[in-house]
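Undergrad: Input input-v7.txt, format and content: compact mmCIF, C-alpha atoms.
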```
# COMPACT_ATOMS: atom_id res chain seq x y z
CA MET A 1 70.03 -27.94 56.13
CA ASN A 2 67.27 -28.87 58.55
CA GLU A 3 68.80 -30.41 61.65
CA MET A 4 65.44 -31.80 62.71
CA GLU A 5 64.99 -33.77 59.52
CA PRO A 6 65.54 -37.50 60.16
CA ASP A 7 68.54 -39.22 58.64
CA VAL A 8 66.94 -41.27 55.87
CA ILE A 9 69.35 -44.22 56.07
CA ASP A 10 68.84 -44.43 59.86
CA LEU A 11 65.10 -44.20 59.36
CA LEU A 12 64.95 -46.92 56.69
CA SER A 13 67.29 -49.29 58.53
CA GLY A 14 65.56 -48.80 61.89
CA ILE A 15 68.62 -47.36 63.66
CA GLU A 16 67.66 -45.62 66.89
CA LYS A 17 69.65 -42.96 68.71
CA GLY A 18 72.05 -44.53 71.19
CA SER A 19 71.91 -47.99 69.59
CA PRO A 20 75.17 -49.83 68.70
CA LEU A 21 74.60 -49.13 64.99
CA ASP A 22 74.11 -45.43 65.75
CA GLY A 23 77.53 -45.50 67.41
CA LEU A 24 79.11 -47.25 64.43
CA ARG A 25 77.61 -44.81 61.95
CA ALA A 26 78.91 -41.95 64.10
CA GLN A 27 82.44 -43.25 63.46
CA ARG A 28 81.86 -42.57 59.76
CA GLN A 29 80.10 -39.28 60.44
CA ALA A 30 81.16 -37.51 57.23
CA ALA A 31 79.80 -40.41 55.17
CA ARG A 32 76.58 -40.32 57.16
CA GLU A 33 76.13 -36.54 56.78
CA ASN A 34 77.00 -36.53 53.11
CA ALA A 35 74.75 -39.49 52.28
CA GLN A 36 71.98 -37.38 53.83
CA LYS A 37 73.15 -34.29 51.90
CA SER A 38 73.10 -36.40 48.74
CA TYR A 39 69.51 -37.32 49.45
CA GLN A 40 68.67 -33.64 49.98
CA ALA A 41 70.57 -32.54 46.86
CA LEU A 42 68.49 -34.97 44.79
CA PHE A 43 65.06 -34.77 46.41
CA ALA A 44 64.89 -31.36 48.06
CA PRO A 45 67.53 -29.26 46.27
CA THR A 46 67.74 -25.51 46.67
CA SER A 47 66.93 -25.36 42.98
CA LEU A 48 65.08 -28.21 41.27
CA GLY A 49 66.29 -27.02 37.89
CA SER A 50 64.16 -28.57 35.20
CA VAL A 51 63.77 -32.06 36.72
CA SER A 52 60.56 -31.86 38.72
CA ALA A 53 60.16 -33.20 42.25
CA LYS A 54 57.47 -35.51 40.92
CA GLU A 55 59.85 -36.98 38.34
CA ARG A 56 62.59 -37.41 40.96
CA HIS A 57 60.32 -39.28 43.39
CA ALA A 58 58.70 -41.36 40.64
CA VAL A 59 62.09 -42.63 39.43
CA ALA A 60 63.29 -43.31 42.99
CA ALA A 61 60.11 -45.26 43.84
CA TYR A 62 60.55 -47.33 40.67
CA VAL A 63 64.23 -48.02 41.52
CA ALA A 64 63.33 -49.05 45.09
CA GLY A 65 60.55 -51.28 43.77
CA LEU A 66 62.90 -53.00 41.31
CA HIS A 67 65.15 -53.76 44.31
CA ARG A 68 62.09 -55.26 46.07
CA ASP A 69 62.81 -53.13 49.12
CA ALA A 70 59.37 -52.52 50.61
CA GLY A 71 60.48 -49.92 53.17
CA THR A 72 62.37 -47.78 50.67
CA LEU A 73 59.58 -48.14 48.10
CA ALA A 74 57.01 -46.92 50.65
CA PHE A 75 59.30 -44.01 51.58
CA TYR A 76 59.64 -42.74 48.00
CA MET A 77 55.99 -43.47 47.18
CA ASP A 78 55.07 -41.24 50.14
CA GLY A 79 57.33 -38.59 48.65
CA LEU A 80 55.61 -39.01 45.29
CA GLY A 81 52.21 -38.72 46.98
CA ALA A 82 53.32 -35.45 48.57
CA GLN A 83 53.93 -34.12 45.05
CA ASN A 84 50.26 -34.67 44.23
CA ALA A 85 50.93 -37.50 41.81
CA SER A 86 47.67 -38.85 40.48
CA ARG A 87 46.49 -42.29 41.47
CA SER A 88 46.85 -43.46 37.87
CA VAL A 89 50.55 -42.48 37.87
CA VAL A 90 51.18 -44.36 41.13
CA GLU A 91 49.34 -47.41 39.76
CA ALA A 92 51.27 -47.29 36.49
CA ILE A 93 54.58 -47.22 38.40
CA MET A 94 53.51 -50.13 40.62
CA ALA A 95 52.50 -52.10 37.51
CA GLU A 96 55.85 -51.35 35.83
CA ILE A 97 57.74 -52.47 38.97
CA ALA A 98 56.00 -55.85 38.75
CA HIS A 99 56.44 -55.99 34.99
CA GLY A 100 60.14 -55.04 35.24
CA ALA A 101 61.14 -57.73 37.76
CA ALA A 102 64.58 -59.20 37.04
CA GLU A 103 67.78 -60.39 38.70
CA GLY A 104 70.96 -58.37 38.29
CA PRO A 105 73.63 -57.70 37.40
CA PHE A 106 73.55 -59.13 33.89
CA GLY A 107 74.66 -57.84 30.52
CA ARG A 108 77.19 -58.13 27.75
CA TYR A 109 80.92 -57.45 27.65
CA PRO A 110 82.95 -56.12 24.73
CA ARG A 111 83.95 -58.81 22.24
CA GLY A 112 86.88 -60.81 23.56
CA PRO A 113 87.78 -63.04 26.50
CA LEU A 114 84.92 -61.79 28.72
CA ALA A 115 82.23 -62.73 26.21
CA LYS A 116 81.89 -66.09 27.95
CA GLU A 117 80.55 -64.16 30.97
CA ASP A 118 77.78 -62.52 28.91
CA LYS A 119 74.46 -63.01 30.63
CA ALA A 120 71.03 -62.34 29.16
CA GLY A 121 68.19 -60.85 31.18
CA HIS A 122 64.90 -59.01 31.06
CA VAL A 123 65.11 -55.58 29.41
CA GLY A 124 62.58 -53.13 30.89
CA ARG A 125 60.13 -51.54 28.46
CA ILE A 126 57.22 -49.43 29.64
CA SER A 127 53.91 -50.74 28.26
CA LYS A 128 51.94 -48.68 25.74
CA ALA A 129 49.11 -48.05 28.18
CA ASN A 130 51.42 -46.94 31.02
CA ARG A 131 53.42 -44.80 28.60
CA ARG A 132 50.23 -42.86 27.89
CA THR A 133 49.73 -42.32 31.64
CA LEU A 134 53.35 -41.48 32.47
CA GLY A 135 54.28 -39.55 29.35
CA ALA A 136 57.23 -40.05 27.01
CA ARG A 137 59.72 -38.18 29.20
CA LEU A 138 59.12 -40.09 32.45
CA SER A 139 58.76 -43.39 30.57
CA ALA A 140 62.19 -42.89 29.01
CA ALA A 141 63.64 -42.13 32.46
CA LEU A 142 62.17 -45.34 33.90
CA GLU A 143 63.51 -47.41 31.02
CA HIS A 144 66.94 -45.92 31.60
CA ALA A 145 66.63 -46.59 35.35
CA HIS A 146 65.84 -50.25 34.62
CA LEU A 147 69.03 -50.48 32.54
CA LEU A 148 71.14 -48.89 35.29
CA VAL A 149 69.62 -51.00 38.07
CA PHE A 150 69.89 -54.44 36.44
CA HIS A 151 72.39 -54.33 33.58
CA PRO A 152 74.54 -51.22 33.72
CA ARG A 153 77.26 -52.82 31.60
CA ASP A 154 74.81 -52.73 28.65
CA ALA A 155 74.74 -48.92 28.84
CA SER A 156 75.45 -47.23 25.53
CA PRO A 157 75.38 -43.89 23.69
CA ALA A 158 72.10 -45.11 22.15
CA ALA A 159 70.52 -45.33 25.61
CA LEU A 160 71.48 -41.69 26.25
CA GLN A 161 70.20 -40.73 22.80
CA ALA A 162 66.81 -42.20 23.77
CA LEU A 163 66.74 -39.84 26.76
CA LEU A 164 67.72 -36.84 24.60
CA ASP A 165 64.98 -37.81 22.13
CA ALA A 166 62.44 -37.84 24.98
CA GLY A 167 63.40 -34.29 25.97
CA TRP A 168 66.09 -34.83 28.62
CA THR A 169 68.99 -32.37 28.40
CA THR A 170 72.62 -33.30 29.13
CA THR A 171 72.48 -31.70 32.58
CA GLU A 172 69.18 -33.39 33.37
CA ILE A 173 70.65 -36.76 32.34
CA VAL A 174 73.49 -36.20 34.82
CA THR A 175 70.95 -35.54 37.59
CA LEU A 176 68.85 -38.57 36.59
CA SER A 177 71.93 -40.83 36.52
CA GLN A 178 73.07 -39.60 39.94
CA LEU A 179 69.58 -40.18 41.32
CA VAL A 180 69.31 -43.79 40.12
CA ALA A 181 72.88 -44.55 41.22
CA PHE A 182 72.42 -42.87 44.62
CA VAL A 183 69.23 -44.81 45.42
CA SER A 184 71.09 -48.01 44.41
CA PHE A 185 73.72 -47.05 47.03
CA GLN A 186 71.23 -46.03 49.71
CA ILE A 187 69.25 -49.28 49.41
CA ARG A 188 72.41 -51.36 49.83
CA VAL A 189 73.62 -49.46 52.89
CA VAL A 190 70.16 -49.95 54.40
CA ALA A 191 70.06 -53.66 53.45
CA GLY A 192 73.49 -54.22 55.00
CA LEU A 193 72.87 -52.27 58.20
CA ARG A 194 69.51 -53.99 58.76
CA ILE A 195 71.24 -57.40 58.75
CA LEU A 196 74.09 -56.16 60.96
CA ALA A 197 71.57 -54.75 63.46
CA GLN A 198 70.02 -58.16 64.04
CA PRO A 199 71.10 -59.37 67.50
CA THR A 200 71.41 -63.02 66.49
CA ARG A 201 71.34 -65.10 63.38
CA GLN A 202 67.98 -65.58 61.73
CA ALA A 203 67.58 -68.41 59.27
CA MET B 1 73.34 -26.35 22.82
CA SER B 2 75.68 -29.17 23.58
CA ASP B 3 72.90 -31.73 23.84
CA THR B 4 74.21 -34.39 21.53
CA ILE B 5 76.01 -37.68 21.97
CA ILE B 6 79.77 -37.62 21.51
CA VAL B 7 80.71 -40.18 18.91
CA ARG B 8 84.21 -41.58 18.91
CA ALA B 9 85.83 -42.69 15.66
CA HIS B 10 88.10 -45.39 17.05
CA ASP B 11 86.94 -48.30 19.11
CA ASP B 12 89.72 -49.03 21.56
CA ARG B 13 87.63 -50.27 24.46
CA PRO B 14 89.63 -52.65 26.64
CA ALA B 15 88.13 -56.14 26.38
CA ALA B 16 89.42 -57.59 29.68
CA PHE B 17 89.83 -56.63 33.33
CA THR B 18 93.25 -55.17 34.01
CA GLN B 19 95.27 -53.31 36.63
CA ASP B 20 96.75 -51.10 33.90
CA GLU B 21 95.92 -47.40 33.87
CA LEU B 22 92.98 -46.90 31.52
CA GLY B 23 91.46 -43.75 30.11
CA TRP B 24 87.77 -42.84 30.09
CA THR B 25 85.88 -40.84 27.53
CA PRO B 26 82.42 -39.31 28.04
CA TRP B 27 79.38 -39.77 25.77
CA LEU B 28 77.95 -36.40 26.81
CA ALA B 29 79.69 -33.03 26.87
CA PRO B 30 81.51 -32.19 30.12
CA LEU B 31 81.68 -28.55 31.20
CA SER B 32 84.76 -26.65 30.10
CA GLU B 33 86.84 -24.75 32.64
CA ASN B 34 85.64 -21.37 31.41
CA GLU B 35 82.03 -22.40 32.15
CA LEU B 36 82.76 -23.08 35.82
CA THR B 37 81.26 -20.79 38.44
CA GLU B 38 82.03 -20.77 42.17
CA ARG B 39 79.21 -23.26 42.64
CA HIS B 40 80.86 -25.72 40.23
CA TRP B 41 84.30 -25.39 41.86
CA THR B 42 82.68 -26.16 45.22
CA GLY B 43 81.03 -29.22 43.68
CA LEU B 44 84.35 -30.49 42.34
CA VAL B 45 85.77 -30.41 45.93
CA ASP B 46 89.37 -30.77 44.67
CA ALA B 47 90.30 -28.20 42.00
CA SER B 48 92.49 -30.86 40.34
CA ARG B 49 89.32 -32.72 39.40
CA ALA B 50 88.71 -30.04 36.74
CA LYS B 51 91.25 -32.02 34.68
CA SER B 52 88.94 -35.06 34.61
CA SER B 53 86.23 -35.26 31.94
CA TYR B 54 84.25 -37.59 34.23
CA PHE B 55 84.10 -35.05 37.07
CA MET B 56 83.56 -32.16 34.63
CA LEU B 57 80.50 -33.99 33.27
CA LEU B 58 79.19 -34.68 36.79
CA ALA B 59 79.86 -31.01 37.69
CA ARG B 60 76.73 -30.14 35.69
CA ASP B 61 74.89 -30.96 38.95
CA PRO B 62 77.43 -29.67 41.47
CA GLU B 63 75.47 -30.13 44.72
CA ILE B 64 75.05 -33.89 44.31
CA LEU B 65 78.65 -34.19 43.06
CA GLU B 66 79.98 -32.48 46.19
CA ALA B 67 77.97 -34.68 48.58
CA ARG B 68 78.87 -37.80 46.58
CA THR B 69 82.57 -36.97 46.67
CA LYS B 70 82.58 -36.34 50.43
CA THR B 71 80.69 -39.60 51.05
CA ASP B 72 83.27 -41.43 48.94
CA LYS B 73 86.22 -39.87 50.78
CA ASP B 74 85.01 -40.80 54.26
CA ILE B 75 84.12 -44.37 53.27
CA PHE B 76 87.52 -45.03 51.72
CA TYR B 77 89.98 -42.65 53.42
CA ASN B 78 88.79 -42.38 57.04
CA PRO B 79 91.74 -44.00 58.84
CA ALA B 80 90.09 -44.37 62.26
CA GLY B 81 89.67 -48.09 62.89
CA GLY B 82 87.51 -50.43 60.89
CA LEU B 83 88.65 -52.15 57.73
CA PRO B 84 92.19 -51.57 56.44
CA ARG B 85 92.26 -49.46 53.27
CA ALA B 86 93.48 -52.46 51.23
CA GLU B 87 90.29 -54.37 51.95
CA ARG B 88 88.00 -51.38 51.37
CA GLU B 89 89.62 -51.22 47.92
CA LEU B 90 89.21 -55.00 47.55
CA SER B 91 85.49 -54.56 48.18
CA ALA B 92 85.35 -51.80 45.55
CA ALA B 93 87.24 -53.98 43.06
CA ALA B 94 85.01 -57.02 43.70
CA THR B 95 81.87 -54.90 43.29
CA SER B 96 83.21 -53.43 40.05
CA ARG B 97 84.17 -56.93 38.82
CA GLU B 98 80.63 -58.18 39.51
CA ASN B 99 78.90 -55.23 37.83
CA GLY B 100 81.33 -55.36 34.93
CA CYS B 101 82.91 -51.92 35.28
CA ILE B 102 86.30 -52.47 33.66
CA PHE B 103 87.41 -48.89 34.36
CA CYS B 104 86.45 -48.82 38.07
CA ALA B 105 87.90 -52.29 38.59
CA SER B 106 91.23 -51.18 37.10
CA VAL B 107 91.58 -48.21 39.46
CA HIS B 108 90.54 -50.00 42.65
CA ALA B 109 92.34 -53.26 41.88
CA ARG B 110 95.50 -51.12 41.57
CA PHE B 111 94.78 -49.50 44.95
CA ALA B 112 94.05 -52.91 46.52
CA SER B 113 97.40 -54.18 45.19
CA THR B 114 99.30 -51.14 46.41
CA TYR B 115 97.89 -51.23 49.95
CA SER B 116 97.90 -55.03 50.39
CA ARG B 117 101.16 -55.70 48.47
CA ARG B 118 99.34 -58.72 47.01
CA PRO B 119 99.04 -57.84 43.29
CA GLU B 120 98.92 -61.52 42.23
CA ASP B 121 95.92 -62.26 44.45
CA VAL B 122 94.15 -59.11 43.20
CA GLN B 123 94.87 -60.16 39.61
CA ARG B 124 93.26 -63.56 40.30
CA LEU B 125 90.04 -61.74 41.30
CA LEU B 126 90.13 -59.91 37.95
CA ASP B 127 91.02 -63.00 35.90
CA GLU B 128 88.92 -65.68 37.59
CA GLY B 129 86.01 -63.53 38.72
CA VAL B 130 84.26 -63.15 42.05
CA SER B 131 84.09 -66.89 42.82
CA VAL B 132 87.92 -66.97 43.11
CA ASP B 133 89.28 -68.81 46.19
CA ILE B 134 92.02 -66.62 47.74
CA ASP B 135 91.91 -67.03 51.53
CA GLN B 136 89.20 -67.04 54.18
CA ARG B 137 89.27 -63.31 54.91
CA TRP B 138 89.46 -62.04 51.33
CA ASN B 139 86.86 -64.61 50.24
CA ALA B 140 84.52 -63.29 52.96
CA VAL B 141 85.03 -59.63 51.92
CA ILE B 142 84.50 -60.49 48.24
CA ALA B 143 81.40 -62.65 48.91
CA ALA B 144 79.77 -59.99 51.11
CA SER B 145 80.46 -57.26 48.52
CA VAL B 146 79.07 -59.37 45.69
CA ALA B 147 75.93 -60.31 47.67
CA LEU B 148 75.25 -56.61 48.25
CA THR B 149 75.83 -55.92 44.55
CA ARG B 150 73.12 -58.33 43.40
CA THR B 151 69.70 -56.87 42.64
CA PRO B 152 67.76 -57.55 44.77
CA ALA B 153 70.52 -57.61 47.39
CA ALA B 154 71.41 -61.13 48.57
CA PHE B 155 73.37 -60.12 51.69
CA ASP B 156 72.34 -62.04 54.85
CA TRP B 157 73.52 -63.01 58.33
CA ARG B 158 75.82 -65.72 56.95
CA HIS B 159 77.93 -63.01 55.32
CA VAL B 160 78.12 -61.18 58.63
CA GLU B 161 79.16 -64.40 60.41
CA ASP B 162 81.84 -65.17 57.82
CA LEU B 163 83.23 -61.65 58.17
CA ARG B 164 83.26 -61.90 61.98
CA ARG B 165 84.93 -65.31 61.81
CA SER B 166 87.59 -63.72 59.59
CA GLY B 167 88.41 -61.20 62.30
CA LEU B 168 86.32 -58.20 61.24
CA ASP B 169 84.70 -56.16 63.99
CA ASP B 170 81.37 -54.45 63.37
CA LEU B 171 82.94 -51.15 62.26
CA ALA B 172 84.97 -53.08 59.67
CA ILE B 173 81.75 -54.77 58.52
CA VAL B 174 80.12 -51.32 58.16
CA ASP B 175 83.12 -50.41 55.99
CA VAL B 176 82.56 -53.47 53.77
CA ILE B 177 78.87 -52.58 53.43
CA GLN B 178 79.56 -48.92 52.60
CA SER B 179 82.46 -49.68 50.22
CA ALA B 180 80.36 -52.14 48.21
CA ALA B 181 77.28 -49.91 48.34
CA PHE B 182 79.31 -46.89 47.20
CA PHE B 183 80.67 -48.74 44.18
CA ASN B 184 77.12 -49.61 43.19
CA TRP B 185 76.78 -45.84 42.88
CA ALA B 186 80.11 -45.21 41.13
CA ASN B 187 79.90 -48.17 38.71
CA ARG B 188 76.49 -47.04 37.44
CA LEU B 189 77.79 -43.54 36.62
CA MET B 190 81.05 -44.70 35.07
CA LEU B 191 79.37 -47.42 32.96
CA SER B 192 76.49 -45.30 31.70
CA LEU B 193 78.06 -41.93 30.91
CA GLY B 194 81.06 -43.02 28.87
CA ASP B 195 83.58 -45.66 27.88
CA PRO B 196 86.97 -46.83 29.14
CA THR B 197 89.80 -46.48 26.66
CA ALA B 198 92.89 -48.62 26.28
CA PRO B 199 96.14 -47.61 27.99
CA ALA B 200 98.49 -45.54 25.88
CA LYS B 201 100.82 -47.82 23.94
CA GLY B 202 104.52 -47.59 24.42
```
Turn the structure described in the file into structure tokens.

TA:
Amino acid sequence: MNEMEPDVIDLLSGIEKGSPLDGLRAQRQAARENAQKSYQALFAPTSLGSVSAKERHAVAAYVAGLHRDAGTLAFYMDGLGAQNASRSVVEAIMAEIAHGAAEGPFGRYPRGPLAKEDKAGHVGRISKANRRTLGARLSAALEHAHLLVFHPRDASPAALQALLDAGWTTTEIVTLSQLVAFVSFQIRVVAGLRILAQPTRQA
Amino acid sequence: MSDTIIVRAHDDRPAAFTQDELGWTPWLAPLSENELTERHWTGLVDASRAKSSYFMLLARDPEILEARTKTDKDIFYNPAGGLPRAERELSAAATSRENGCIFCASVHARFASTYSRRPEDVQRLLDEGVSVDIDQRWNAVIAASVALTRTPAAFDWRHVEDLRRSGLDDLAIVDVIQSAAFFNWANRLMLSLGDPTAPAKG
């Protein structure tokens, strides 16, 4: 592990060395180090296996964009750029972020007493034109990411079957699921720490 | 290859939030013990987790599983200051209630009850949902966790003020943030890779 590499959560939440928030994070040092190791395991692993670095950064940028977190989106878009993603791929992802806008969490419950809490929402589908640019495999990953970001309780065996049909293996689906779920965690830690770092209330 | 969906014959999904012990069954094939290499055992962190189909499915990518597990343990088990364990678990339960993860909510509602000795109040969170009115401090922890769980996140300085007014110092607020954020990780895995199953009858 590269000691000189910046801690991504510190970087995205603007935490500087020696600041009060730096001191607080140091009191949960194992969580801090392992959140960073999680980032490395997903985005710069010793072995990428069969999920490419381009796919990993494309999905993360899409997840950050769906959360409307500009800083995190720019961070993963930079990572995608470093993988030589074409301009048309970047533009297709940006278009799908706008097209996929929704409020979460929503979704359905099993039949029974919770059905009264069922909430409908926008289901993300990649457009035909962007599907041609992104390919079937990445398009399926983005559609699955949209489900996990906004309405994870609608997840189903059929959603996993759609990934298998698009060429994702079981092990790759585990990696993809961890990636979407990890970025959902990272964005929330950053969102929370940014607010806590503000010296006074801001209306 | 094992790349097929696992279909279950009987639908015994629990239909309500509960503190009962539930089971969980994967939709994709977990590893079996005889497939585990040293790398997988390291990823599992605790050897006992080889008995769990959830962890044996996640063990297919052992490096991220290991880092995830160690993040989880520090956020919830680090005893040095900050938020009492009961309220870290309350945050996890509220997050799981909001996302709709019946399995995660069952486990962490049970922990919240055990550590707080307030099982009735925890049950009200499960029964009435995240807008339940319990007391100032628990309401503040629940509201902050739920705001962080929304997409996009709706957490703002008012949540921080309510937590401070309820007696939380900034380390305790970091614990609320990390507990809720972590369950936005855990809920998405648990909800999307398999199904909860009803408690054994008897």

Undergrad: Quick one, how far is atom CA of Met77 of chain A from atom CA of Ala61 of chain A?

TA: 5.6 Å

Undergrad: Show me which bits of chain A are within 6 Å of chain B, counting all atoms listed in the file, as a list of chain:residue names.

TA: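 Close to chain B, chain A has A:Leu24, A:Ala30, A:Ala31, A:Asn34, A:Lys37, A:Ser38, A:Ala41, A:His67, A:Glu103, A:Gly104, A:Pro105, A:Pro110, A:Gly112, A:Pro152, A:Arg153, A:Ala155, A:Thr170, A:Thr171, A:Ala181, A:Phe182, A:Phe185, A:Arg188, A:Val189, A:Gly192, A:Arg201.
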
Undergrad: Could you tell me how far atom CA of Ile173 of chain A lies from atom CA of Gln161 of chain A, in Å and to one decimal?

TA: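 Atom CA of Gln161 of chain A lies at a distance of 10.3 Å from atom CA of Ile173 of chain A.
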
Undergrad: Between atom CA of Asn34 of chain B and atom CA of Ser47 of chain A, measure the distance and give it in Å to one decimal.

TA: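 We find that atom CA of Asn34 of chain B and atom CA of Ser47 of chain A lie 22.4 Å from each other.
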
Undergrad: Which residues, protein or nucleic acid, reach to within 8 Å of (85.5, -61.9, 47.1) in the file's coordinates when using only C-alpha atoms, and can you give that as a PyMOL selection string?

TA: chain B and resi 90-91+94+125+130-133+138-146

Undergrad: Pick out the residues sitting within 9 Å of Val59 of chain A, and hand them over as a PyMOL selection string; count only C-alpha atoms, and ignore anything fewer than 6 positions along from it in its own chain.

TA: chain A and resi 76+93+138+141-142+145+176+179-180

Undergrad: Write a file of the selected residues as a PDB file, keeping the file's coordinate frame, keeping C-alpha atoms.

TA:
```pdb
ATOM      1  CA  TYR A  76      59.640 -42.740  48.000  1.00  0.00           C
ATOM      2  CA  ILE A  93      54.580 -47.220  38.400  1.00  0.00           C
ATOM      3  CA  LEU A 138      59.120 -40.090  32.450  1.00  0.00           C
ATOM      4  CA  ALA A 141      63.640 -42.130  32.460  1.00  0.00           C
ATOM      5  CA  LEU A 142      62.170 -45.340  33.900  1.00  0.00           C
ATOM      6  CA  ALA A 145      66.630 -46.590  35.350  1.00  0.00           C
ATOM      7  CA  LEU A 176      68.850 -38.570  36.590  1.00  0.00           C
ATOM      8  CA  LEU A 179      69.580 -40.180  41.320  1.00  0.00           C
ATOM      9  CA  VAL A 180      69.310 -43.790  40.120  1.00  0.00           C
TER      10      VAL A 180
END
```

Undergrad: Please identify all polymer residues within 8 Å of Val122 of chain B, counting all atoms listed in the file, omitting same-chain residues fewer than 5 positions from it, and present them as a list in words.

TA: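 Close residues of Val122 of chain B: Leu90, Ala109, Ala112 and Ser113 of chain B.
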
Undergrad: Near His122 of chain A, counting all atoms listed in the file, which residues have an atom at most 8 Å away, once you skip same-chain residues fewer than 5 positions from it, shown as a ChimeraX atom specification?

TA: /A:100-102
